[in-house]
Structures are given as C-alpha cells and as structure tokens.
Amino acid sequence: MGKGPGELVAAGEILAMLGVGRSRFRQIREHPAFPEPYQVLSVGSIWLKADVEKYIREHRRPRPADEDE
C-alpha cells in the first residue's frame, strides 16, 4: 500500500492549533498565505497538518507568556 499524504486536520483541530474561535478562523482562512484545503468533503474542508504548521510558524506571532505563572 502507498504512503498517504500525511496527517490531516479539520477546522476543529486548526482552531485548537491557532487558539482562536470559529469566526476568527474564517478571517485567517482568507489570508493569502493560508494553505488551500487538501480536500473539500461533504462535511467540510481538510488540510495537511504540515501545511498548517508551516503557516503558523511563518505568519503567526508567538503568544505572550502568561506572567502570572
């Protein structure tokens, strides 16, 4: 059997990866650098996790550390 494309993620996983809600994620998806979905299914879009991780590394500012800890 051939090797698959890699780990896939849907909107729910990406929300957690980005630490944002659905409405903010809709805005982020409009960013020209945000990756295109790997595939669009009847239940929604899915992305390659590696593509989303690359976008986060290159285009998202690190979250500030919580100074109360």
# chains A, B, ... in the order shown; residues from 1 in each chain; ligands from 1

$ select_by_dssp --residues "chain A" --states "strand (DSSP E)" --output "ChimeraX atom specification"
/A:8-10,39-41,44-48

$ write_last_selection --atoms "N, CA and C atoms" --output "compact mmCIF listing (two decimals), in the first residue's frame"
# COMPACT_ATOMS: atom_id res chain seq x y z
N LEU A 8 -3.81 14.65 8.54
CA LEU A 8 -4.82 15.60 8.10
C LEU A 8 -5.50 16.24 9.31
N VAL A 9 -5.93 17.49 9.14
CA VAL A 9 -6.66 18.19 10.20
C VAL A 9 -7.85 18.91 9.60
N ALA A 10 -8.90 19.03 10.40
CA ALA A 10 -10.10 19.77 10.00
C ALA A 10 -10.16 21.04 10.84
N GLN A 39 -8.39 18.75 0.66
CA GLN A 39 -9.59 18.22 0.02
C GLN A 39 -10.81 18.84 0.69
N VAL A 40 -11.86 19.02 -0.08
CA VAL A 40 -13.13 19.51 0.45
C VAL A 40 -14.12 18.36 0.38
N LEU A 41 -14.63 17.97 1.54
CA LEU A 41 -15.57 16.86 1.65
C LEU A 41 -16.96 17.40 1.97
N GLY A 44 -16.93 19.15 5.24
CA GLY A 44 -16.06 20.32 5.38
C GLY A 44 -14.69 20.09 4.77
N SER A 45 -13.86 21.09 4.90
CA SER A 45 -12.51 21.03 4.34
C SER A 45 -11.54 20.34 5.29
N ILE A 46 -10.51 19.74 4.70
CA ILE A 46 -9.42 19.17 5.49
C ILE A 46 -8.11 19.68 4.90
N TRP A 47 -7.13 19.85 5.78
CA TRP A 47 -5.83 20.37 5.39
C TRP A 47 -4.75 19.39 5.80
N LEU A 48 -3.60 19.50 5.15
CA LEU A 48 -2.43 18.77 5.60
C LEU A 48 -1.91 19.48 6.85

$ atom_distance --atom1 "CA of Leu18 (chain A)" --atom2 "CA of Gly4 (chain A)"
24.6 Å

$ atom_distance --atom1 "CA of Ile28 (chain A)" --atom2 "CA of Arg60 (chain A)"
10.1 Å

$ residues_around --residues "Arg26 (chain A)" --least-positions-apart "6" --cutoff "12 Å" --atoms "only C-alpha atoms" --output "list in words"
Ala11, Gly12, Ile14, Leu15, Leu18, Val20 and Phe34 of chain A

$ write_last_selection --atoms "N, CA and C atoms" --output "mmCIF file, in the first residue's frame"
data_model
loop_
_atom_site.group_PDB
_atom_site.id
_atom_site.type_symbol
_atom_site.label_atom_id
_atom_site.label_comp_id
_atom_site.auth_asym_id
_atom_site.auth_seq_id
_atom_site.Cartn_x
_atom_site.Cartn_y
_atom_site.Cartn_z
ATOM 1 N N ALA A 11 -11.199 21.818 10.636
ATOM 2 C CA ALA A 11 -11.333 23.113 11.296
ATOM 3 C C ALA A 11 -11.189 23.006 12.814
ATOM 4 N N GLY A 12 -11.795 22.012 13.428
ATOM 5 C CA GLY A 12 -11.731 21.877 14.885
ATOM 6 C C GLY A 12 -10.310 21.762 15.398
ATOM 7 N N ILE A 14 -7.621 22.801 13.786
ATOM 8 C CA ILE A 14 -6.914 24.051 13.470
ATOM 9 C C ILE A 14 -7.282 25.139 14.474
ATOM 10 N N LEU A 15 -8.535 25.187 14.911
ATOM 11 C CA LEU A 15 -8.928 26.145 15.946
ATOM 12 C C LEU A 15 -8.047 25.974 17.177
ATOM 13 N N LEU A 18 -4.412 27.114 16.517
ATOM 14 C CA LEU A 18 -4.289 28.565 16.455
ATOM 15 C C LEU A 18 -4.705 29.253 17.748
ATOM 16 N N VAL A 20 -7.876 30.040 18.490
ATOM 17 C CA VAL A 20 -8.890 31.034 18.105
ATOM 18 C C VAL A 20 -10.255 30.373 18.017
ATOM 19 N N PHE A 34 -2.531 31.501 3.834
ATOM 20 C CA PHE A 34 -3.098 30.315 4.487
ATOM 21 C C PHE A 34 -3.253 29.220 3.443
#

$ residues_around --residues "Gly6 (chain A)" --least-positions-apart "3" --cutoff "9 Å" --atoms "only C-alpha atoms" --output "number ranges by chain"
A: 3, 48-50

$ atom_distance --atom1 "CA of Glu7 (chain A)" --atom2 "CA of Gln27 (chain A)"
23.6 Å

$ select_by_dssp --residues "chain A" --states "helix (DSSP H, G or I)" --output "ChimeraX atom specification"
/A:11-18,22-29,49-59

$ write_last_selection --atoms "N, CA and C atoms" --output "short mmCIF file (atom, residue, chain, number, x, y, z; two decimals), in the first residue's frame"
data_model
loop_
_atom_site.label_atom_id
_atom_site.label_comp_id
_atom_site.auth_asym_id
_atom_site.auth_seq_id
_atom_site.Cartn_x
_atom_site.Cartn_y
_atom_site.Cartn_z
N ALA A 11 -11.20 21.82 10.64
CA ALA A 11 -11.33 23.11 11.30
C ALA A 11 -11.19 23.01 12.81
N GLY A 12 -11.79 22.01 13.43
CA GLY A 12 -11.73 21.88 14.88
C GLY A 12 -10.31 21.76 15.40
N GLU A 13 -9.49 20.98 14.72
CA GLU A 13 -8.10 20.84 15.13
C GLU A 13 -7.32 22.13 14.89
N ILE A 14 -7.62 22.80 13.79
CA ILE A 14 -6.91 24.05 13.47
C ILE A 14 -7.28 25.14 14.47
N LEU A 15 -8.54 25.19 14.91
CA LEU A 15 -8.93 26.14 15.95
C LEU A 15 -8.05 25.97 17.18
N ALA A 16 -7.84 24.72 17.58
CA ALA A 16 -7.01 24.45 18.75
C ALA A 16 -5.55 24.82 18.48
N MET A 17 -5.05 24.52 17.30
CA MET A 17 -3.67 24.84 16.95
C MET A 17 -3.43 26.35 16.98
N LEU A 18 -4.41 27.11 16.52
CA LEU A 18 -4.29 28.56 16.45
C LEU A 18 -4.71 29.25 17.75
N ARG A 22 -14.17 30.11 15.91
CA ARG A 22 -14.57 29.88 14.52
C ARG A 22 -14.60 31.16 13.67
N SER A 23 -15.11 32.26 14.23
CA SER A 23 -15.20 33.48 13.41
C SER A 23 -13.81 34.01 13.08
N ARG A 24 -12.87 33.95 14.04
CA ARG A 24 -11.50 34.40 13.75
C ARG A 24 -10.85 33.46 12.75
N PHE A 25 -11.12 32.16 12.85
CA PHE A 25 -10.55 31.21 11.89
C PHE A 25 -11.04 31.52 10.47
N ARG A 26 -12.30 31.89 10.34
CA ARG A 26 -12.81 32.25 9.00
C ARG A 26 -12.01 33.42 8.43
N GLN A 27 -11.65 34.38 9.27
CA GLN A 27 -10.83 35.51 8.82
C GLN A 27 -9.43 35.05 8.43
N ILE A 28 -8.83 34.20 9.25
CA ILE A 28 -7.48 33.70 8.97
C ILE A 28 -7.43 32.93 7.67
N ARG A 29 -8.48 32.16 7.39
CA ARG A 29 -8.52 31.38 6.13
C ARG A 29 -8.44 32.28 4.91
N LYS A 49 -1.73 18.74 7.92
CA LYS A 49 -1.28 19.34 9.18
C LYS A 49 0.05 20.06 8.99
N ALA A 50 0.94 19.49 8.20
CA ALA A 50 2.25 20.11 7.97
C ALA A 50 2.10 21.49 7.32
N ASP A 51 1.13 21.65 6.41
CA ASP A 51 0.91 22.94 5.76
C ASP A 51 0.43 23.98 6.76
N VAL A 52 -0.47 23.57 7.66
CA VAL A 52 -1.00 24.49 8.67
C VAL A 52 0.11 24.85 9.67
N GLU A 53 0.91 23.87 10.07
CA GLU A 53 2.01 24.15 10.98
C GLU A 53 3.01 25.13 10.37
N LYS A 54 3.29 24.99 9.08
CA LYS A 54 4.19 25.90 8.38
C LYS A 54 3.61 27.31 8.39
N TYR A 55 2.32 27.44 8.10
CA TYR A 55 1.68 28.76 8.13
C TYR A 55 1.82 29.39 9.51
N ILE A 56 1.57 28.62 10.56
CA ILE A 56 1.65 29.14 11.92
C ILE A 56 3.08 29.61 12.21
N ARG A 57 4.07 28.81 11.85
CA ARG A 57 5.47 29.20 12.08
C ARG A 57 5.82 30.49 11.36
N GLU A 58 5.36 30.64 10.14
CA GLU A 58 5.79 31.76 9.30
C GLU A 58 4.93 33.01 9.42
N HIS A 59 3.67 32.88 9.89
CA HIS A 59 2.76 34.03 9.81
C HIS A 59 2.04 34.38 11.10
#
